[in-house]
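A.B. asks: Coordinates in model.txt, compact mmCIF, C-alpha atoms, are listed below.
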```
# COMPACT_ATOMS: atom_id res chain seq x y z
CA MET V 1 0.82 23.05 14.28
CA ARG V 2 -2.65 22.04 13.22
CA ILE V 3 -2.60 19.83 10.15
CA ALA V 4 -5.49 18.85 7.88
CA LEU V 5 -5.01 15.51 6.13
CA TYR V 6 -7.15 14.36 3.22
CA TYR V 7 -7.42 10.74 2.09
CA PRO V 8 -10.50 9.79 0.04
CA TRP V 9 -11.29 6.40 1.61
CA VAL V 10 -10.83 5.12 5.17
CA TYR V 11 -12.66 1.81 5.16
CA LEU V 12 -10.19 -1.11 5.25
CA THR V 13 -7.28 -2.45 7.27
CA SER V 14 -4.81 -1.92 4.43
CA GLY V 15 -1.37 -0.31 4.33
CA ALA V 16 -2.93 3.07 3.55
CA GLU V 17 -5.05 3.09 6.71
CA ARG V 18 -2.09 1.78 8.71
CA THR V 19 0.01 4.71 7.47
CA LEU V 20 -2.70 7.19 8.42
CA LEU V 21 -3.02 5.71 11.88
CA GLU V 22 0.72 5.61 12.61
CA LEU V 23 1.48 9.08 11.24
CA THR V 24 -1.30 10.85 13.12
CA GLY V 25 -0.59 8.93 16.31
CA ARG V 26 3.19 9.50 16.42
CA SER V 27 3.39 13.06 15.09
CA ARG V 28 4.21 16.02 17.31
CA HIS V 29 1.46 17.99 15.55
CA GLU V 30 -2.35 18.01 15.87
CA TRP V 31 -4.16 16.29 13.00
CA THR V 32 -7.66 16.13 11.56
CA ILE V 33 -8.31 13.39 9.01
CA PHE V 34 -10.79 14.43 6.31
CA THR V 35 -12.15 11.61 4.16
CA SER V 36 -14.96 11.12 1.68
CA HIS V 37 -15.74 7.55 2.75
CA TYR V 38 -15.40 6.46 6.37
CA ASP V 39 -16.39 2.98 7.53
CA PRO V 40 -15.29 2.61 11.17
CA ALA V 41 -16.69 -0.94 11.39
CA HIS V 42 -14.25 -2.31 8.82
CA THR V 43 -11.10 -0.30 9.42
CA PHE V 44 -8.65 -0.25 12.33
CA PRO V 45 -10.34 0.39 15.70
CA GLY V 46 -7.59 2.91 16.46
CA PHE V 47 -9.37 5.47 14.29
CA ALA V 48 -11.85 5.88 17.15
CA GLN V 49 -9.02 7.78 18.89
CA ARG V 50 -8.44 10.07 15.89
CA ASN V 51 -10.33 13.14 14.76
CA VAL V 52 -11.92 11.79 11.57
CA VAL V 53 -14.35 14.00 9.64
CA GLU V 54 -16.31 12.71 6.67
CA VAL V 55 -16.69 15.30 3.91
CA GLY V 56 -18.73 14.54 0.82
CA ARG V 57 -19.24 10.94 -0.18
CA ALA V 58 -17.04 9.16 -2.73
CA GLY V 59 -17.86 5.59 -3.68
CA VAL V 60 -15.33 2.75 -3.55
CA LYS V 61 -16.25 0.94 -6.77
CA ARG V 62 -13.53 0.80 -9.41
CA SER V 63 -15.45 0.81 -12.70
CA ILE V 64 -14.61 3.63 -15.12
CA GLY V 65 -17.91 5.38 -14.45
CA ALA V 66 -17.67 5.05 -10.66
CA VAL V 67 -14.08 6.32 -10.60
CA GLY V 68 -15.07 9.25 -12.80
CA GLN V 69 -17.91 10.14 -10.44
CA ALA V 70 -15.61 9.93 -7.39
CA ALA V 71 -13.04 12.10 -9.18
CA TRP V 72 -15.67 14.74 -9.89
CA GLN V 73 -16.82 14.77 -6.26
CA ILE V 74 -13.25 15.17 -4.97
CA LEU V 75 -12.48 17.85 -7.56
CA ASN V 76 -15.40 19.93 -6.24
CA LEU V 77 -14.78 19.30 -2.55
CA LYS V 78 -14.15 22.33 -0.33
CA LEU V 79 -12.41 21.60 2.98
CA PRO V 80 -12.73 23.85 6.08
CA LEU V 81 -9.04 24.83 6.25
CA GLU V 82 -9.38 28.19 8.02
CA ASN V 83 -7.89 26.98 11.31
CA TYR V 84 -5.13 24.78 9.86
CA ASP V 85 -1.50 25.52 9.09
CA ALA V 86 -1.00 23.04 6.24
CA LEU V 87 -2.78 20.42 4.16
CA VAL V 88 -1.40 16.90 3.68
CA VAL V 89 -2.86 14.76 0.90
CA MET V 90 -2.24 11.03 1.06
CA CYS V 91 -2.69 9.96 -2.50
CA GLU V 92 -3.04 6.74 -4.46
CA GLY V 93 -4.57 8.43 -7.45
CA LEU V 94 -7.61 10.68 -7.02
CA GLY V 95 -6.68 12.53 -3.83
CA ASP V 96 -4.62 15.14 -5.72
CA LEU V 97 -7.82 16.55 -7.19
CA VAL V 98 -8.76 18.06 -3.83
CA LEU V 99 -6.09 20.73 -4.36
CA PHE V 100 -8.08 22.61 -7.00
CA ARG V 101 -10.52 24.07 -4.46
CA ASN V 102 -8.21 24.00 -1.44
CA SER V 103 -5.15 26.09 -2.20
CA SER V 104 -5.33 28.45 0.78
CA ARG V 105 -2.79 26.40 2.77
CA PRO V 106 0.59 25.00 1.74
CA ALA V 107 0.20 21.38 0.65
CA LEU V 108 2.39 18.31 1.09
CA CYS V 109 1.85 14.96 -0.64
CA ILE V 110 2.44 11.44 0.65
CA CYS V 111 2.23 9.46 -2.57
CA LEU V 112 1.40 5.77 -2.15
CA THR V 113 1.25 5.58 -5.94
CA PRO V 114 0.00 7.74 -8.79
CA LEU V 115 -3.29 6.42 -10.19
CA ARG V 116 -2.27 2.94 -11.29
CA VAL V 117 -4.58 2.48 -14.26
CA VAL V 118 -3.04 5.65 -15.75
CA PHE V 119 0.60 5.56 -14.61
CA ASP V 120 1.46 1.89 -13.94
CA GLU V 121 2.00 0.09 -17.24
CA ASP V 122 1.74 -3.40 -15.68
CA TYR V 123 -1.56 -2.59 -13.96
CA ARG V 124 -2.88 -1.01 -17.14
CA LYS V 125 -1.99 -4.09 -19.18
CA LYS V 126 -3.80 -6.37 -16.71
CA TRP V 127 -6.85 -4.08 -16.76
CA PHE V 128 -6.95 -4.12 -20.57
CA GLU V 129 -6.87 -7.94 -20.56
CA LYS V 130 -10.14 -8.14 -18.66
CA THR V 131 -12.16 -5.40 -20.36
CA SER V 132 -13.90 -5.00 -23.73
CA LEU V 133 -12.62 -3.12 -26.76
CA ALA V 134 -15.05 -0.29 -26.03
CA GLY V 135 -13.91 -0.24 -22.42
CA ARG V 136 -10.27 -0.01 -23.49
CA GLY V 137 -11.09 2.94 -25.74
CA ALA V 138 -12.96 4.74 -22.99
CA LEU V 139 -10.15 4.07 -20.54
CA THR V 140 -7.54 5.41 -22.95
CA LEU V 141 -9.42 8.70 -23.39
CA ALA V 142 -10.16 9.05 -19.68
CA SER V 143 -6.54 8.28 -18.77
CA SER V 144 -5.20 10.97 -21.10
CA LEU V 145 -7.57 13.54 -19.61
CA PHE V 146 -6.79 12.54 -16.04
CA ALA V 147 -3.02 12.62 -16.61
CA SER V 148 -3.23 16.21 -17.88
CA ILE V 149 -5.29 17.31 -14.88
CA ASP V 150 -3.13 15.43 -12.39
CA ARG V 151 0.06 17.07 -13.68
CA ILE V 152 -1.48 20.46 -12.92
CA ALA V 153 -2.45 19.29 -9.42
CA TRP V 154 1.05 18.01 -8.62
CA LYS V 155 2.51 21.45 -9.39
CA ARG V 156 0.56 22.79 -6.40
CA TYR V 157 2.42 20.67 -3.84
CA ARG V 158 5.24 22.30 -1.88
CA ARG V 159 6.78 18.90 -1.15
CA ILE V 160 6.15 15.33 -2.38
CA PHE V 161 7.20 12.11 -0.65
CA CYS V 162 6.87 8.77 -2.46
CA ILE V 163 6.72 5.69 -0.25
CA SER V 164 8.91 3.66 -2.62
CA SER V 165 11.24 3.97 -5.57
CA GLU V 166 8.59 2.18 -7.63
CA ALA V 167 6.01 4.88 -6.82
CA LYS V 168 8.60 7.54 -7.69
CA ARG V 169 9.43 5.78 -10.97
CA ARG V 170 5.77 5.85 -12.00
CA ALA V 171 5.49 9.54 -11.12
CA VAL V 172 8.62 10.51 -13.01
CA LYS V 173 7.70 8.44 -16.07
CA GLY V 174 4.25 10.03 -16.01
CA ARG V 175 5.78 13.53 -15.91
CA LEU V 176 4.20 14.32 -12.55
CA GLY V 177 7.55 15.26 -11.03
CA THR V 178 11.28 14.97 -11.56
CA GLU V 179 13.99 12.83 -10.03
CA GLU V 180 15.15 15.87 -8.05
CA SER V 181 11.74 17.02 -6.81
CA LEU V 182 10.49 13.70 -5.40
CA GLU V 183 11.86 12.12 -2.24
CA VAL V 184 11.51 8.43 -1.38
CA LEU V 185 10.41 7.95 2.23
CA HIS V 186 9.70 4.37 3.24
CA VAL V 187 6.91 3.65 5.69
CA GLY V 188 7.20 1.42 8.74
CA LEU V 189 5.76 -1.99 9.59
CA GLY V 190 2.37 -3.14 10.78
CA HIS V 191 4.05 -5.42 13.34
CA GLU V 192 7.19 -4.14 15.03
CA PRO V 193 10.17 -6.52 14.85
CA GLN V 194 10.95 -8.46 18.01
CA THR V 195 12.92 -11.65 18.60
CA PRO V 196 12.55 -13.79 15.45
CA SER V 197 10.25 -16.78 15.82
CA THR V 198 11.81 -20.20 16.25
CA ARG V 199 8.60 -22.03 15.31
CA PHE V 200 8.20 -23.17 11.70
CA ASP V 201 4.96 -25.07 11.24
CA ARG V 202 4.45 -26.74 7.90
CA TYR V 203 2.38 -24.12 6.13
CA PHE V 204 3.08 -21.23 3.79
CA LEU V 205 1.28 -17.99 4.58
CA LEU V 206 -0.07 -15.74 1.82
CA PRO V 207 -1.33 -12.70 3.76
CA GLY V 208 -2.75 -9.32 2.82
CA ARG V 209 -5.71 -7.76 1.09
CA ILE V 210 -7.52 -10.23 -1.17
CA MET V 211 -8.05 -8.50 -4.51
CA TRP V 212 -7.05 -9.10 -8.10
CA THR V 213 -3.92 -6.90 -7.99
CA LYS V 214 -2.43 -9.26 -5.40
CA ASN V 215 -2.33 -12.06 -8.02
CA ILE V 216 -3.19 -14.71 -5.42
CA GLU V 217 -3.88 -17.32 -8.10
CA LEU V 218 -0.09 -17.43 -8.61
CA GLY V 219 0.32 -18.61 -5.01
CA ILE V 220 -2.38 -21.25 -5.35
CA GLU V 221 -0.95 -22.65 -8.60
CA ALA V 222 2.59 -22.65 -7.21
CA PHE V 223 1.51 -24.38 -3.99
CA LEU V 224 -0.31 -27.14 -5.87
CA LYS V 225 2.83 -27.77 -7.94
CA PHE V 226 5.00 -27.75 -4.82
CA ARG V 227 2.77 -30.06 -2.79
CA THR V 228 2.83 -32.78 -5.44
CA SER V 229 6.53 -32.44 -6.25
CA ARG V 230 7.78 -34.76 -3.50
CA PRO V 231 5.94 -37.10 -1.09
CA GLU V 232 7.51 -35.52 2.01
CA PHE V 233 5.83 -32.17 1.19
CA ALA V 234 2.29 -33.57 1.00
CA ASP V 235 1.45 -32.43 4.54
CA PHE V 236 2.28 -28.75 3.90
CA ARG V 237 -0.62 -26.32 3.82
CA LEU V 238 -1.25 -22.92 2.26
CA ILE V 239 -3.14 -20.37 4.35
CA ILE V 240 -4.51 -17.32 2.53
CA ALA V 241 -5.42 -14.64 5.06
CA GLY V 242 -6.71 -11.11 4.62
CA ILE V 243 -9.53 -8.67 4.16
CA VAL V 244 -12.05 -8.71 1.33
CA ASP V 245 -14.16 -5.71 0.36
CA GLU V 246 -17.45 -5.95 -1.52
CA LYS V 247 -16.02 -5.49 -5.00
CA SER V 248 -13.50 -8.32 -4.47
CA LYS V 249 -15.99 -11.00 -3.41
CA PRO V 250 -16.25 -12.45 -6.96
CA TYR V 251 -12.46 -12.71 -7.01
CA LEU V 252 -12.50 -14.58 -3.69
CA ALA V 253 -15.09 -16.99 -5.12
CA LYS V 254 -12.80 -17.64 -8.09
CA LEU V 255 -9.88 -18.36 -5.74
CA ARG V 256 -11.95 -20.78 -3.66
CA GLU V 257 -12.88 -22.64 -6.84
CA MET V 258 -9.21 -22.86 -7.84
CA ALA V 259 -8.24 -24.13 -4.39
CA GLY V 260 -10.86 -26.86 -4.40
CA THR V 261 -11.15 -29.17 -1.40
CA GLY V 262 -8.72 -31.59 0.15
CA GLN V 263 -5.68 -29.88 -1.36
CA GLY V 264 -4.34 -28.25 1.80
CA ILE V 265 -5.50 -24.70 1.07
CA GLU V 266 -7.33 -22.67 3.73
CA PHE V 267 -8.83 -19.17 3.71
CA ARG V 268 -8.91 -16.94 6.78
CA ILE V 269 -11.06 -13.91 5.99
CA PHE V 270 -10.92 -10.78 8.18
CA PRO V 271 -8.67 -12.35 10.83
CA PRO V 272 -8.17 -10.09 13.88
CA ASP V 273 -4.70 -8.68 14.52
CA GLU V 274 -3.93 -11.30 17.18
CA GLU V 275 -4.72 -14.16 14.79
CA PHE V 276 -2.75 -12.51 12.00
CA ALA V 277 0.28 -12.19 14.26
CA GLU V 278 -0.04 -15.84 15.27
CA LEU V 279 -0.20 -16.91 11.61
CA TYR V 280 3.00 -14.99 10.88
CA ARG V 281 4.71 -16.28 14.02
CA ASN V 282 4.07 -19.95 13.29
CA CYS V 283 4.30 -20.18 9.50
CA TYR V 284 7.18 -21.74 7.60
CA SER V 285 7.55 -18.95 5.04
CA VAL V 286 5.60 -16.01 3.62
CA LEU V 287 4.48 -15.69 0.00
CA PHE V 288 3.93 -12.31 -1.68
CA THR V 289 2.46 -12.61 -5.18
CA ALA V 290 1.32 -9.08 -6.16
CA PHE V 291 2.35 -8.47 -9.77
CA ASN V 292 3.78 -4.95 -9.35
CA GLU V 293 3.23 -3.71 -5.81
CA ASP V 294 3.76 -0.04 -4.93
CA TRP V 295 5.69 -1.01 -1.79
CA GLY V 296 4.20 -3.90 0.17
CA ILE V 297 4.26 -4.10 3.96
CA VAL V 298 3.66 -7.88 3.90
CA PRO V 299 7.27 -8.87 3.04
CA LEU V 300 8.57 -6.69 5.87
CA GLU V 301 6.02 -8.08 8.32
CA GLY V 302 7.15 -11.59 7.41
CA MET V 303 10.75 -10.56 8.10
CA ALA V 304 9.71 -8.95 11.39
CA PHE V 305 8.56 -12.39 12.58
CA GLY V 306 11.75 -14.01 11.32
CA LYS V 307 10.29 -15.69 8.25
CA PRO V 308 11.87 -15.76 4.77
CA VAL V 309 9.76 -14.24 2.00
CA ILE V 310 9.23 -15.50 -1.53
CA ALA V 311 8.07 -12.49 -3.59
CA VAL V 312 7.58 -11.39 -7.18
CA ASP V 313 10.71 -9.71 -8.50
CA ARG V 314 8.97 -6.43 -9.35
CA GLY V 315 7.95 -3.21 -7.66
CA GLY V 316 8.35 -2.70 -3.93
CA PRO V 317 9.77 -6.14 -3.02
CA LYS V 318 12.85 -5.38 -5.13
CA GLU V 319 13.55 -2.62 -2.57
CA SER V 320 12.75 -4.54 0.62
CA VAL V 321 13.75 -8.17 -0.01
CA VAL V 322 17.46 -8.99 -0.32
CA HIS V 323 17.51 -11.97 -2.67
CA GLY V 324 19.23 -14.99 -1.21
CA VAL V 325 19.68 -13.26 2.16
CA THR V 326 16.29 -12.30 3.60
CA GLY V 327 14.18 -14.13 1.04
CA LEU V 328 13.86 -15.05 -2.61
CA LEU V 329 12.70 -12.96 -5.58
CA ALA V 330 11.09 -14.81 -8.47
CA PRO V 331 9.41 -14.03 -11.78
CA PRO V 332 5.60 -14.31 -11.53
CA GLU V 333 5.57 -17.92 -12.68
CA PRO V 334 4.13 -20.85 -10.66
CA ALA V 335 7.04 -23.16 -11.53
CA GLN V 336 9.66 -20.75 -10.15
CA PHE V 337 7.67 -20.04 -6.98
CA ALA V 338 7.20 -23.80 -6.47
CA GLU V 339 10.93 -24.37 -6.93
CA TYR V 340 11.77 -21.83 -4.22
CA MET V 341 9.14 -23.34 -1.92
CA GLU V 342 10.84 -26.72 -2.40
CA LEU V 343 14.21 -25.15 -1.65
CA LEU V 344 13.06 -23.77 1.70
CA ALA V 345 10.95 -26.80 2.64
CA GLY V 346 13.94 -29.07 2.08
CA ASP V 347 16.43 -26.93 4.02
CA ALA V 348 15.30 -25.91 7.50
CA ALA V 349 18.69 -24.41 8.34
CA LEU V 350 18.52 -22.08 5.31
CA THR V 351 14.96 -21.10 6.21
CA GLU V 352 15.92 -20.17 9.77
CA ARG V 353 19.05 -18.32 8.63
CA MET V 354 17.10 -16.20 6.14
CA GLY V 355 14.46 -15.53 8.78
CA ARG V 356 17.04 -14.17 11.23
CA ALA V 357 18.62 -12.02 8.52
CA GLY V 358 15.21 -10.63 7.58
CA ASN V 359 14.42 -9.76 11.19
CA ALA V 360 17.62 -7.73 11.39
CA HIS V 361 17.07 -6.12 7.97
CA CYS V 362 13.51 -4.92 8.54
CA ARG V 363 14.48 -2.81 11.55
CA ARG V 364 15.71 -0.08 9.22
CA PHE V 365 12.07 0.68 8.27
CA SER V 366 10.74 2.80 11.11
CA TRP V 367 7.47 4.67 11.67
CA ASP V 368 9.27 7.16 13.90
CA ARG V 369 11.76 7.97 11.14
CA PHE V 370 8.92 8.35 8.65
CA THR V 371 6.87 10.59 10.95
CA ASP V 372 9.80 12.79 12.01
CA ARG V 373 10.65 13.50 8.36
CA ILE V 374 7.04 14.49 7.61
CA ASP V 375 6.87 16.67 10.72
CA ASP V 376 10.14 18.43 9.88
CA GLU V 377 8.99 19.21 6.34
CA LEU V 378 5.61 20.49 7.53
CA GLU V 379 7.36 22.92 9.85
CA ASN V 380 9.66 23.98 7.04
CA ILE V 381 6.90 24.70 4.51
CA ALA V 382 4.87 26.53 7.16
CA GLN V 383 7.87 28.77 7.92
CA VAL V 384 8.39 29.46 4.23
CA ALA V 385 4.71 30.30 3.80
CA GLU V 386 4.78 32.58 6.83
CA ALA V 387 7.89 34.36 5.58
CA ALA V 388 6.33 34.84 2.15
CA GLY V 389 3.18 36.23 3.76
CA SER V 390 5.18 38.68 5.86
CA LYS V 391 7.12 39.79 2.78
CA ASN V 392 3.91 40.36 0.82
CA LEU V 393 2.42 42.31 3.72
CA ALA V 394 5.50 44.50 3.97
CA GLY V 395 5.42 45.12 0.22
CA SER V 396 1.77 46.16 0.40
CA ALA V 397 2.53 48.55 3.26
CA THR V 398 5.41 50.10 1.30
CA ARG V 399 3.28 50.58 -1.79
CA GLY V 400 0.54 52.08 0.38
```
Just dump the structure as structure tokens.

C.D. replies:
Amino acid sequence: MRIALYYPWVYLTSGAERTLLELTGRSRHEWTIFTSHYDPAHTFPGFAQRNVVEVGRAGVKRSIGAVGQAAWQILNLKLPLENYDALVVMCEGLGDLVLFRNSSRPALCICLTPLRVVFDEDYRKKWFEKTSLAGRGALTLASSLFASIDRIAWKRYRRIFCISSEAKRRAVKGRLGTEESLEVLHVGLGHEPQTPSTRFDRYFLLPGRIMWTKNIELGIEAFLKFRTSRPEFADFRLIIAGIVDEKSKPYLAKLREMAGTGQGIEFRIFPPDEEFAELYRNCYSVLFTAFNEDWGIVPLEGMAFGKPVIAVDRGGPKESVVHGVTGLLAPPEPAQFAEYMELLAGDAALTERMGRAGNAHCRRFSWDRFTDRIDDELENIAQVAEAAGSKNLAGSATRG
């Protein structure tokens, strides 16, 4: 089968791009990736081996006006689907809009999350806290309009997969789908699990994309509390490692100011894969501070390297981290994070035991399982579409 896949932005080394790369590389079908913003210099180099076609041009800014403009561009986008058997939309909000002018092929959705500012109450609350009264009013009106349009778009999918129960919960609560119509299909890992590491250097690793939704200030505040709690912890470090896009540079500046100097906090920006793997392999434990993550590959990557994870007890980590076994789940409060950091730092045997358990646990999340399920469903909806077409053709012949 020839499959067209649409995802609005391919420009980072985030979980979305990782999913695109793994799915199209492991599938038994032939894929073309259509996107409205392609930046090969800042995404995974593996996309050079994929058939990526830029169509239109949607910006990556996240102001209300910029998002509205991108939505309008996607809504009016016409894809060249004549030679394809099905359309897959990988969506984290706006991608659904492409269905309005591209209904000639059966469509399948891989939902990373419905648009968070509309359908995630925690995200929406955080957004309201940092915007003006006029901005909140405009966002409320725009959200109501978008929700109505998005519900129409979702009715056009033949099949919808959500990458987590949290993403499904948002969709069901937002009346985009029902419990019965949406299937949870977990994605795989960025780093495949091997033998768990036996090296535990004295630093905590806070990895991933550096942006405000990751709530990295929680990790900094917790680490500073932890480091001063007992003299024997004064040599621990915190390494914050990840990518930063243009719109998040002010946030990075704020984090650097919080971290100060001489407090054991380091930043590693745009580390290559080899360095990232080495940071995971040698760290003492992994921190994951996002306030309500859709899924979160970071906790699983930490487990893959045999490291216990301390994560916020919301969203995706509630599905991937087994509290007290593979890691620790905490409310988003610096004091509780610091307490768990003390617990692990003071008990090397517990840290190693959790790391081994996490390494075993994360093996259940497989890219091959994910891809096979998508492939099977694509073949199924193509067969249904073909059968329906044959039936319509026979009916026309009979009437003729």

A.B. asks: Quote the spacing between atom CA of V:Asn102 and atom CA of V:Leu139 in Å to one decimal place.

C.D. replies: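 Separation between atom CA of V:Asn102 and atom CA of V:Leu139: 27.7 Å.
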
A.B. asks: Give me the residues of stretch 248-325 of chain V that have any atom at most 7 Å from an atom of stretch 338-355 of chain V; for each, the nearest atom pair and the distance in Å, rounded to one decimal. Use all atoms listed in the file, sort by chain and number, and format it as a tab-separated table.

C.D. replies:
```
residue	atom	partner	partner_atom	distance
V:Met303	CA	V:Gly355	CA	6.2
V:Gly306	CA	V:Gly355	CA	4.0
V:Lys307	CA	V:Gly355	CA	4.2
V:Pro308	CA	V:Gly355	CA	4.8
V:Val325	CA	V:Met354	CA	5.6
```

A.B. asks: Could you work out how far atom CA of V:Phe291 lies from atom CA of V:Val321, giving the answer in Å with one decimal?

C.D. replies: 15.0 Å

A.B. asks: The centre and edge lengths of an axis-aligned box containing all atoms of stretch 2-11 of chain V present in the file, extended by 3 Å on each side, are to be given in Å to one decimal, as lines of an AutoDock Vina configuration file.

C.D. replies:
```
center_x = -7.6
center_y = 11.9
center_z = 6.6
size_x = 16.1
size_y = 26.2
size_z = 19.2
```

A.B. asks: Distance cut-off 7 Å, centre (4.3, 6.5, -13.6) in file coordinates, counting only C-alpha atoms: which residues qualify? Return them as a VMD selection string.

C.D. replies: chain V and resid 114 119 to 120 169 to 174

A.B. asks: Expressed in Å to a single decimal, how great is the separation between atom CA of V:Arg57 and atom CA of V:Asp39?

C.D. replies: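 Between atom CA of V:Arg57 and atom CA of V:Asp39 the gap works out to 11.4 Å.
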
A.B. asks: At a cut-off of 10 Å, using all atoms listed in the file, what residues contact V:Leu255? Leave out same-chain residues fewer than 3 positions from it and give the result as a VMD selection string.

C.D. replies: chain V and resid 210 212 216 to 217 220 240 249 to 252 258 to 260 267

A.B. asks: Determine, counting all atoms listed in the file, which protein, DNA and RNA residues have an atom within 6 Å of an atom of V:Leu115; residues of the same chain fewer than 2 positions away are not included. Present the result as an NGL selection string.

C.D. replies: :V and (92-93 or 117-119)

A.B. asks: Find the spatial neighbours of V:Asn292, counting all atoms listed in the file, within a cut-off of 12 Å - ignore same-chain residues fewer than 5 positions away - and output them as a CSV table (one decimal) with C-alpha atoms, in the frame of the given file.

C.D. replies:
```csv
chain,number,residue,atom,x,y,z
V,113,THR,CA,1.2,5.6,-5.9
V,116,ARG,CA,-2.3,2.9,-11.3
V,120,ASP,CA,1.5,1.9,-13.9
V,121,GLU,CA,2.0,0.1,-17.2
V,122,ASP,CA,1.7,-3.4,-15.7
V,123,TYR,CA,-1.6,-2.6,-14.0
V,124,ARG,CA,-2.9,-1.0,-17.1
V,125,LYS,CA,-2.0,-4.1,-19.2
V,126,LYS,CA,-3.8,-6.4,-16.7
V,166,GLU,CA,8.6,2.2,-7.6
V,167,ALA,CA,6.0,4.9,-6.8
V,170,ARG,CA,5.8,5.8,-12.0
V,212,TRP,CA,-7.0,-9.1,-8.1
V,213,THR,CA,-3.9,-6.9,-8.0
V,214,LYS,CA,-2.4,-9.3,-5.4
V,215,ASN,CA,-2.3,-12.1,-8.0
V,311,ALA,CA,8.1,-12.5,-3.6
V,312,VAL,CA,7.6,-11.4,-7.2
V,313,ASP,CA,10.7,-9.7,-8.5
V,314,ARG,CA,9.0,-6.4,-9.4
V,315,GLY,CA,8.0,-3.2,-7.7
V,316,GLY,CA,8.4,-2.7,-3.9
V,317,PRO,CA,9.8,-6.1,-3.0
V,318,LYS,CA,12.8,-5.4,-5.1
V,331,PRO,CA,9.4,-14.0,-11.8
V,332,PRO,CA,5.6,-14.3,-11.5
```

A.B. asks: Restricting the calculation to all atoms listed in the file, which member of V:Phe305, V:Phe223, V:Phe236, V:Trp295 is positioned closest to V:Phe337?

C.D. replies: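 Closest to V:Phe337 of all the choices is V:Phe223.
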
A.B. asks: Between V:Ser14, V:Thr140, V:Thr35, V:Asn359, which is the closest to V:Val53 once you count only C-alpha atoms?

C.D. replies: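 Looking at the shortest contact to V:Val53, the residue is V:Thr35.
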
A.B. asks: Mind checking which residues fall within 10 Å of V:Gly25, counting all atoms listed in the file, ignoring those fewer than 6 positions away in the same chain, and posting them as a ChimeraX atom specification?

C.D. replies: /V:19,31,46-47,49-50,371

A.B. asks: For each of V:Leu79, V:Leu189, V:Leu145, V:Met211, take the minimum atom-to-atom distance to V:Ser248, counting all atoms listed in the file, then give the residue where this is smallest.

C.D. replies: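 Closest candidate: V:Met211.
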
A.B. asks: With the cut-off set at 9 Å and counting only C-alpha atoms, tabulate each residue of stretch 66-140 of chain V with an atom at most that distance from an atom of stretch 146-160 of chain V, showing the nearest atom pair and its distance in Å to one decimal, ordered by chain and increasing number, as a Markdown table.

C.D. replies:
```
| residue | atom | partner | partner_atom | distance |
| --- | --- | --- | --- | --- |
| V:Gly93 | CA | V:Asp150 | CA | 8.7 |
| V:Leu94 | CA | V:Asp150 | CA | 8.5 |
| V:Asp96 | CA | V:Ala153 | CA | 6.0 |
| V:Leu97 | CA | V:Ala153 | CA | 6.4 |
| V:Val98 | CA | V:Ala153 | CA | 8.5 |
| V:Leu99 | CA | V:Ala153 | CA | 6.4 |
| V:Phe100 | CA | V:Ala153 | CA | 7.0 |
| V:Ser103 | CA | V:Arg156 | CA | 7.8 |
| V:Pro106 | CA | V:Arg158 | CA | 6.5 |
| V:Ala107 | CA | V:Tyr157 | CA | 5.1 |
| V:Leu108 | CA | V:Arg159 | CA | 5.0 |
| V:Cys109 | CA | V:Ile160 | CA | 4.7 |
| V:Ile110 | CA | V:Ile160 | CA | 6.2 |
| V:Cys111 | CA | V:Ile160 | CA | 7.1 |
| V:Leu115 | CA | V:Ala147 | CA | 8.9 |
| V:Val118 | CA | V:Ala147 | CA | 7.0 |
| V:Phe119 | CA | V:Ala147 | CA | 8.2 |
```
